[in-house]
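Heads up, entry-v5.txt below (compact mmCIF, C-alpha atoms):
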# COMPACT_ATOMS: atom_id res chain seq x y z
CA MET A 867 -103.07 -2.58 -107.87
CA LEU A 868 -100.97 -2.08 -104.75
CA MET A 869 -103.75 -2.58 -102.24
CA PRO A 870 -107.48 -3.39 -102.48
CA ARG A 871 -109.72 -0.42 -103.20
CA ILE A 872 -111.54 -0.68 -99.90
CA PHE A 873 -108.40 0.47 -98.12
CA ARG A 874 -108.29 3.74 -99.97
CA GLY A 875 -110.99 4.82 -97.55
CA SER A 876 -108.85 3.66 -94.65
CA LEU A 877 -105.87 5.60 -95.97
CA VAL A 878 -107.90 8.81 -96.25
CA ALA A 879 -109.31 8.28 -92.75
CA ILE A 880 -105.85 8.01 -91.24
CA TRP A 881 -104.64 11.14 -93.00
CA LEU A 882 -107.66 13.17 -91.91
CA ALA A 883 -107.52 11.89 -88.35
CA CYS A 884 -103.90 13.01 -87.97
CA ALA A 885 -104.22 16.34 -89.75
CA VAL A 886 -106.06 18.13 -86.93
CA PRO A 887 -104.18 17.04 -83.78
CA ALA A 888 -100.76 17.26 -85.39
CA GLY A 889 -100.58 21.02 -85.12
CA GLY A 890 -101.96 21.07 -81.60
CA ALA A 891 -99.30 18.68 -80.35
CA GLU A 892 -96.58 20.97 -81.62
CA LEU A 893 -97.96 23.87 -79.62
CA THR A 894 -97.90 21.87 -76.42
CA GLY A 895 -94.79 22.25 -74.36
CA GLY A 896 -93.23 25.14 -76.22
CA SER A 897 -94.37 27.66 -73.62
CA GLU A 898 -93.43 25.36 -70.77
CA ALA A 899 -89.96 24.83 -72.14
CA ALA A 900 -89.48 28.53 -72.73
CA ASP A 901 -90.11 29.22 -69.03
CA MET A 902 -87.65 26.58 -67.88
CA PRO A 903 -84.51 28.71 -67.47
CA ILE A 904 -86.35 31.25 -65.28
CA ASN A 905 -87.83 28.52 -63.09
CA THR A 906 -84.45 26.83 -62.80
CA LEU A 907 -82.80 30.10 -61.75
CA ALA A 908 -85.41 30.71 -59.08
CA ALA A 909 -85.00 27.22 -57.65
CA THR A 910 -81.22 26.77 -57.84
CA GLY A 911 -79.64 30.15 -58.32
CA GLU A 912 -78.02 28.94 -61.54
CA THR A 913 -78.44 30.46 -64.96
CA GLY A 914 -80.74 28.71 -67.37
CA SER A 915 -77.84 28.19 -69.77
CA SER A 916 -75.56 26.42 -67.31
CA GLN A 917 -78.35 24.19 -66.02
CA GLN A 918 -79.43 23.19 -69.53
CA GLN A 919 -75.89 22.57 -70.71
CA ARG A 920 -75.35 20.15 -67.84
CA SER A 921 -78.60 18.22 -68.31
CA PHE A 922 -79.08 18.10 -72.08
CA PRO A 923 -77.17 15.16 -73.65
CA SER A 924 -74.99 15.44 -76.72
CA GLY A 925 -76.12 12.07 -78.12
CA VAL A 926 -78.16 8.96 -77.34
CA PHE A 927 -75.36 7.21 -75.45
CA SER A 928 -74.73 10.07 -73.06
CA PRO A 929 -75.23 9.20 -69.35
CA SER A 930 -77.80 11.99 -69.15
CA TYR A 931 -79.90 10.66 -72.04
CA GLY A 932 -81.99 8.55 -69.66
CA THR A 933 -82.88 11.71 -67.78
CA LEU A 934 -83.92 13.32 -71.06
CA VAL A 935 -86.26 10.40 -71.87
CA LEU A 936 -87.80 10.57 -68.40
CA ASP A 937 -88.28 14.33 -68.71
CA ASP A 938 -89.88 13.87 -72.13
CA PHE A 939 -92.20 11.20 -70.73
CA VAL A 940 -93.33 13.46 -67.89
CA HIS A 941 -93.93 16.24 -70.41
CA VAL A 942 -96.06 14.02 -72.66
CA ILE A 943 -98.16 12.79 -69.72
CA ARG A 944 -98.59 16.26 -68.21
CA SER A 945 -99.30 18.10 -71.45
CA PRO A 946 -103.09 17.53 -71.47
CA SER A 947 -103.39 19.38 -68.15
CA GLN A 948 -101.91 22.44 -69.89
CA TRP A 949 -103.86 22.28 -73.14
CA THR A 950 -105.80 25.31 -74.29
CA ASP A 951 -109.49 25.11 -75.20
CA GLU A 952 -108.50 24.86 -78.85
CA GLU A 953 -106.18 21.92 -78.18
CA TRP A 954 -108.91 20.14 -76.25
CA ARG A 955 -111.19 20.63 -79.24
CA HIS A 956 -108.51 19.05 -81.42
CA ALA A 957 -108.33 16.11 -79.02
CA GLY A 958 -112.10 15.77 -79.07
CA ILE A 959 -112.16 15.75 -82.86
CA ALA A 960 -109.40 13.12 -82.89
CA ALA A 961 -111.31 10.89 -80.46
CA ALA A 962 -114.51 11.36 -82.46
CA SER A 963 -112.67 10.37 -85.63
CA VAL A 964 -111.63 7.07 -84.06
CA VAL A 965 -115.22 6.34 -83.06
CA ALA A 966 -116.56 7.35 -86.48
CA VAL A 967 -114.03 5.23 -88.34
CA GLY A 968 -114.86 2.30 -86.08
CA ALA A 969 -118.56 2.60 -86.74
CA LEU A 970 -118.26 3.12 -90.50
CA LEU A 971 -115.28 1.05 -91.59
CA ASP A 972 -114.18 -1.56 -89.04
CA ARG A 973 -116.39 -4.48 -90.03
CA ARG A 974 -116.75 -3.48 -93.68
CA ALA A 975 -113.01 -3.11 -94.27
CA TYR A 976 -112.19 -6.38 -92.55
CA ASP A 977 -114.80 -8.38 -94.44
CA ARG A 978 -113.60 -6.91 -97.73
CA SER A 979 -109.97 -7.73 -96.94
CA VAL A 980 -110.84 -11.36 -96.28
CA ARG A 981 -112.52 -11.64 -99.68
CA MET A 982 -109.85 -9.84 -101.66
CA ARG A 983 -106.56 -11.12 -100.26
CA ALA A 984 -104.10 -12.39 -102.84
CA ARG A 985 -100.59 -13.75 -102.52
CA GLU A 986 -99.08 -10.75 -104.32
CA ASN A 987 -100.83 -8.20 -102.14
CA GLU A 988 -100.02 -10.26 -99.05
CA GLN A 989 -96.29 -9.93 -99.63
CA ARG A 990 -96.52 -6.23 -100.38
CA ALA A 991 -98.48 -5.68 -97.20
CA LYS A 992 -95.81 -7.52 -95.20
CA ASN A 993 -93.16 -5.24 -96.66
CA PHE A 994 -95.04 -2.16 -95.47
CA GLU A 995 -95.66 -3.70 -92.06
CA ARG A 996 -91.93 -3.93 -91.46
CA ILE A 997 -91.75 -0.14 -91.31
CA GLY A 998 -93.51 -0.26 -87.96
CA THR A 999 -91.25 -2.85 -86.34
CA ASN A 1000 -88.76 -1.95 -83.63
CA GLY A 1001 -85.92 -3.20 -85.81
CA THR A 1002 -86.74 -0.85 -88.67
CA VAL A 1003 -87.28 2.13 -86.38
CA LEU A 1004 -83.95 1.55 -84.63
CA THR A 1005 -82.18 1.07 -87.96
CA VAL A 1006 -83.51 4.34 -89.35
CA LEU A 1007 -82.70 6.22 -86.16
CA GLY A 1008 -79.27 4.61 -86.16
CA GLY A 1009 -78.68 6.08 -89.59
CA PHE A 1010 -79.61 9.53 -88.32
CA TYR A 1011 -77.34 9.02 -85.32
CA ILE A 1012 -74.37 8.17 -87.55
CA ALA A 1013 -75.05 11.25 -89.67
CA GLY A 1014 -75.21 13.27 -86.47
CA ARG A 1015 -71.85 11.95 -85.31
CA MET A 1016 -70.45 13.04 -88.66
CA GLY A 1017 -71.46 16.62 -87.94
CA ASN A 1018 -75.11 16.95 -89.01
CA ALA A 1019 -76.75 18.41 -85.90
CA GLU A 1020 -80.33 18.05 -87.19
CA SER A 1021 -79.79 14.33 -87.77
CA MET A 1022 -78.63 13.91 -84.17
CA TYR A 1023 -81.76 15.71 -82.99
CA VAL A 1024 -83.90 13.27 -84.98
CA ALA A 1025 -82.07 10.33 -83.39
CA GLN A 1026 -82.50 11.74 -79.88
CA ASP A 1027 -86.15 12.72 -80.24
CA GLY A 1028 -87.10 9.63 -82.24
CA LEU A 1029 -85.64 7.17 -79.75
CA ALA A 1030 -87.21 8.96 -76.79
CA SER A 1031 -90.60 9.09 -78.52
CA SER A 1032 -90.38 5.45 -79.54
CA LEU A 1033 -89.61 4.35 -75.99
CA ILE A 1034 -92.43 6.43 -74.54
CA ALA A 1035 -95.01 5.27 -77.09
CA SER A 1036 -94.07 1.62 -77.54
CA ALA A 1037 -92.92 0.76 -74.03
CA VAL A 1038 -95.45 2.70 -71.97
CA ILE A 1039 -98.45 4.30 -73.68
CA THR A 1040 -99.39 1.66 -76.27
CA PRO A 1041 -99.01 -1.36 -73.92
CA ALA A 1042 -101.03 0.47 -71.27
CA LEU A 1043 -103.85 1.21 -73.71
CA LYS A 1044 -103.82 -2.36 -75.02
CA LEU A 1045 -104.11 -3.73 -71.49
CA ILE A 1046 -106.82 -1.30 -70.41
CA VAL A 1047 -109.01 -1.71 -73.52
CA GLY A 1048 -108.42 -5.41 -74.21
CA ARG A 1049 -110.06 -5.38 -77.63
CA LYS A 1050 -110.15 -8.66 -79.53
CA ARG A 1051 -108.34 -8.77 -82.86
CA PRO A 1052 -110.36 -9.05 -86.09
CA ARG A 1053 -108.96 -12.46 -86.96
CA GLU A 1054 -110.47 -13.84 -83.73
CA ASN A 1055 -113.95 -13.29 -85.25
CA GLU A 1056 -115.53 -12.08 -82.02
CA GLY A 1057 -116.96 -8.84 -83.37
CA THR A 1058 -115.78 -5.25 -83.39
CA LEU A 1059 -116.80 -4.39 -79.83
CA THR A 1060 -115.64 -7.42 -77.87
CA LEU A 1061 -113.53 -6.07 -75.01
CA SER A 1062 -111.76 -7.86 -72.18
CA PRO A 1063 -110.10 -5.12 -70.12
CA PHE A 1064 -106.93 -6.02 -68.20
CA SER A 1065 -106.80 -9.50 -69.66
CA ASP A 1066 -104.64 -9.22 -72.79
CA LYS A 1067 -101.54 -7.05 -73.06
CA ASN A 1068 -101.31 -7.81 -76.79
CA SER A 1069 -104.84 -6.80 -77.72
CA SER A 1070 -105.91 -5.01 -80.87
CA PHE A 1071 -106.37 -1.38 -79.75
CA PRO A 1072 -104.31 0.58 -80.67
CA SER A 1073 -102.04 -0.75 -83.43
CA GLY A 1074 -98.47 -0.90 -82.15
CA HIS A 1075 -96.92 -1.10 -85.61
CA THR A 1076 -98.84 1.98 -86.73
CA THR A 1077 -97.90 3.85 -83.57
CA GLN A 1078 -94.21 3.18 -84.15
CA ALA A 1079 -94.42 4.13 -87.83
CA PHE A 1080 -96.08 7.46 -87.02
CA VAL A 1081 -93.68 8.17 -84.16
CA LEU A 1082 -90.84 7.89 -86.66
CA ALA A 1083 -92.67 9.87 -89.35
CA SER A 1084 -93.75 12.72 -87.07
CA THR A 1085 -90.27 13.04 -85.55
CA ILE A 1086 -88.61 13.30 -88.96
CA ALA A 1087 -91.30 15.65 -90.26
CA SER A 1088 -90.82 17.91 -87.22
CA HIS A 1089 -87.17 18.48 -88.13
CA TYR A 1090 -87.47 18.93 -91.89
CA ASP A 1091 -89.67 21.51 -93.58
CA GLU A 1092 -89.51 20.07 -97.10
CA LEU A 1093 -92.93 18.97 -98.33
CA TRP A 1094 -91.55 15.90 -100.09
CA VAL A 1095 -90.00 14.68 -96.82
CA LYS A 1096 -93.26 15.05 -94.90
CA SER A 1097 -95.25 13.43 -97.70
CA LEU A 1098 -92.85 10.50 -97.93
CA VAL A 1099 -92.62 9.67 -94.23
CA TYR A 1100 -96.33 10.11 -93.52
CA GLY A 1101 -97.21 8.20 -96.67
CA LEU A 1102 -95.07 5.22 -95.64
CA ALA A 1103 -96.47 5.34 -92.11
CA THR A 1104 -100.02 5.38 -93.48
CA MET A 1105 -99.33 2.36 -95.67
CA THR A 1106 -98.02 0.55 -92.59
CA GLY A 1107 -101.38 1.03 -90.91
CA VAL A 1108 -103.27 0.02 -94.05
CA ALA A 1109 -101.19 -3.16 -94.26
CA ARG A 1110 -102.01 -4.08 -90.65
CA ALA A 1111 -105.73 -3.72 -91.36
CA TYR A 1112 -105.35 -5.63 -94.62
CA HIS A 1113 -103.83 -8.60 -92.81
CA GLY A 1114 -106.65 -8.69 -90.27
CA ALA A 1115 -104.28 -7.88 -87.43
CA HIS A 1116 -106.24 -4.72 -86.57
CA PHE A 1117 -109.51 -2.97 -87.21
CA THR A 1118 -109.29 0.33 -89.05
CA SER A 1119 -110.04 2.27 -85.86
CA ASP A 1120 -107.09 0.55 -84.15
CA VAL A 1121 -104.89 1.88 -86.93
CA VAL A 1122 -106.28 5.41 -86.70
CA ALA A 1123 -105.78 5.41 -82.92
CA GLY A 1124 -102.19 4.21 -83.34
CA ALA A 1125 -101.54 6.95 -85.89
CA LEU A 1126 -102.89 9.58 -83.51
CA VAL A 1127 -100.86 8.32 -80.55
CA GLY A 1128 -97.66 8.11 -82.59
CA THR A 1129 -98.14 11.55 -84.15
CA TYR A 1130 -98.91 13.19 -80.83
CA VAL A 1131 -95.96 11.68 -78.99
CA GLY A 1132 -93.48 12.31 -81.81
CA LYS A 1133 -94.50 15.93 -82.38
CA SER A 1134 -94.82 16.73 -78.69
CA VAL A 1135 -91.36 15.40 -77.82
CA ALA A 1136 -89.74 17.06 -80.84
CA ALA A 1137 -91.30 20.45 -80.02
CA TYR A 1138 -90.41 20.20 -76.34
CA ASN A 1139 -86.78 19.24 -76.96
CA SER A 1140 -86.42 21.82 -79.72
CA ALA A 1141 -87.39 24.57 -77.26
CA ARG A 1142 -84.91 23.21 -74.74
CA ARG A 1143 -82.11 23.20 -77.30
CA THR A 1144 -82.91 26.81 -78.11
CA ASN A 1145 -82.54 27.69 -74.44
CA VAL A 1146 -79.21 25.87 -74.32
CA ASN A 1147 -77.88 28.34 -76.88
CA SER A 1148 -78.94 31.35 -74.83
CA THR A 1149 -77.12 32.91 -71.90
CA PHE A 1150 -78.50 34.63 -68.84
CA SER A 1151 -76.21 36.43 -66.40
CA ILE A 1152 -76.61 38.57 -63.28
CA MET A 1153 -73.77 40.94 -62.31
CA PRO A 1154 -73.40 43.44 -59.46
CA THR A 1155 -72.67 47.03 -60.52
CA ILE A 1156 -71.25 49.93 -58.55
CA THR A 1157 -71.45 53.43 -60.03
CA SER A 1158 -71.12 56.82 -58.32
CA GLY A 1159 -71.44 55.32 -54.90
CA THR A 1160 -74.60 53.37 -55.69
CA PHE A 1161 -75.01 49.60 -55.81
CA GLY A 1162 -77.20 47.73 -58.25
CA ILE A 1163 -77.67 44.54 -60.23
CA ALA A 1164 -77.44 44.25 -64.02
CA MET A 1165 -79.04 41.39 -65.93
CA GLN A 1166 -77.96 40.36 -69.43
CA VAL A 1167 -79.78 37.98 -71.76
CA SER A 1168 -78.34 36.96 -75.13
CA PHE A 1169 -79.66 34.58 -77.79

The structure given in the file should be rewritten as structure tokens.
Amino acid sequence: MLMPRIFRGSLVAIWLACAVPAGGAELTGGSEAADMPINTLAATGETGSSQQQRSFPSGVFSPSYGTLVLDDFVHVIRSPSQWTDEEWRHAGIAAASVVAVGALLDRRAYDRSVRMRARENEQRAKNFERIGTNGTVLTVLGGFYIAGRMGNAESMYVAQDGLASSLIASAVITPALKLIVGRKRPRENEGTLTLSPFSDKNSSFPSGHTTQAFVLASTIASHYDELWVKSLVYGLATMTGVARAYHGAHFTSDVVAGALVGTYVGKSVAAYNSARRTNVNSTFSIMPTITSGTFGIAMQVSF
């Protein structure tokens, strides 16, 4: 058996927790990005196409890539203020799922893992945990970057969006949540609700490994429609979270929260940048016209 049976419940919980907010995150930012060329024209007098071409990088080593990451970060932080009622309901369900998983599974899953650990399962769990490390994420994104340099545009988009999402989630959002919540790790045996806010930047909530794994999975899944791709990447990300709970590094609710954060950031950034790339390929021009002694202005939009 690959993992103890108790973690089948954890696996299902992670999948269900991510299923609802995933679609909502993709809706966020699309409308904002679509309005960008018009707003840019009003503010600068430039066409949306020329402004986007200048600011959107061609790769991850472009001088303007840092600006892209900052723009993506601002979008992710501002998105909740623009959510619809339906998206807020999705967020509420996601938050409730974390609480429910914590109440139902946290202590039970940890106690069961302590009793059922075996050397064979321990090594397998470590192998899955590596998926959520920075080294693995950068290696995978590096592969997409190389494929992009060889002419596969979609692979370059994965590299751009994945790196930006990873930086936003792992360098800003997850550390901030860890510091604010300050939840003790299961292996410290201080209970499931022992919190020390602003005292431990490496606390248990949320799971950083799981966040990174789901950032990578959601970014790849956003760029490929094939069901087997989505199933593979989300399956591996889920097993990363299960492995972290199995080792006692996190409670199950920490893992679910990490999965939600990673999925939201990855999908939100991918949707936002995808809309911007679409606008890059459009043109918007304003030309004066003179006919029969009259003066006017003609506007042309092409996609």

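Between atom CA of A:Leu1059 and atom CA of A:Thr1104 there is a distance of 23.7 Å.
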
request  = State, in Å with one decimal place, the distance from atom CA of A:Ser945 to atom CA of A:Thr1005.
outcome  =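 Atom-to-atom, atom CA of A:Ser945 and atom CA of A:Thr1005 are spaced 29.3 Å apart.
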
remark   = Using only C-alpha atoms, the residue out of A:Ala1030, A:Leu1045, A:Ala961, A:Ile1012 with shortest distance to A:Leu1061 is A:Leu1045

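The two atoms in question, atom CA of A:Met1105 and atom CA of A:Asn993, are spaced 9.8 Å apart.
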
ask   = Pick the closest to A:Tyr1100 from A:Gly1114, A:Gly1028, A:Gly1128, A:Gly968: which is it, counting all atoms listed in the file?
value = A:Gly1128

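Closest approach to A:Phe994 among A:Ser1140, A:Ser930, A:Val1024, A:Ala1111 is made by A:Ala1111 (distances from all atoms listed in the file).
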
task = Choose the residue, out of A:Gly1048, A:Pro929, A:Pro923, A:Gly1101, that has the smallest atom-to-atom separation from A:Phe1064; count only C-alpha atoms.
result = A:Gly1048

key: Close residues, stretch 1075-1092 of chain A itself excluded, 6 Å, only C-alpha atoms, min 4 positions apart in chain, as a ChimeraX atom specification   = /A:998-999,1028,1096,1099-1100,1103,1107,1124-1125,1128-1129,1132-1133

Take the residues from that selection and write them out as a PDB file, in the frame of the given file, keeping C-alpha atoms.
ATOM      1  CA  GLY A 998     -93.510  -0.260 -87.960  1.00  0.00           C
ATOM      2  CA  THR A 999     -91.250  -2.850 -86.340  1.00  0.00           C
ATOM      3  CA  GLY A1028     -87.100   9.630 -82.240  1.00  0.00           C
ATOM      4  CA  LYS A1096     -93.260  15.050 -94.900  1.00  0.00           C
ATOM      5  CA  VAL A1099     -92.620   9.670 -94.230  1.00  0.00           C
ATOM      6  CA  TYR A1100     -96.330  10.110 -93.520  1.00  0.00           C
ATOM      7  CA  ALA A1103     -96.470   5.340 -92.110  1.00  0.00           C
ATOM      8  CA  GLY A1107    -101.380   1.030 -90.910  1.00  0.00           C
ATOM      9  CA  GLY A1124    -102.190   4.210 -83.340  1.00  0.00           C
ATOM     10  CA  ALA A1125    -101.540   6.950 -85.890  1.00  0.00           C
ATOM     11  CA  GLY A1128     -97.660   8.110 -82.590  1.00  0.00           C
ATOM     12  CA  THR A1129     -98.140  11.550 -84.150  1.00  0.00           C
ATOM     13  CA  GLY A1132     -93.480  12.310 -81.810  1.00  0.00           C
ATOM     14  CA  LYS A1133     -94.500  15.930 -82.380  1.00  0.00           C
TER      15      LYS A1133
END

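The closest residue to A:Tyr976, picked from A:Ser1036, A:Ser1069, A:Thr933, A:Thr1118 and counting only C-alpha atoms, is A:Thr1118.
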
inquiry  = Using only C-alpha atoms, can you tell me which of A:Ala1137, A:Ala962, A:Val1038, A:Leu1007 comes closest to A:Val926?
reply    = A:Leu1007
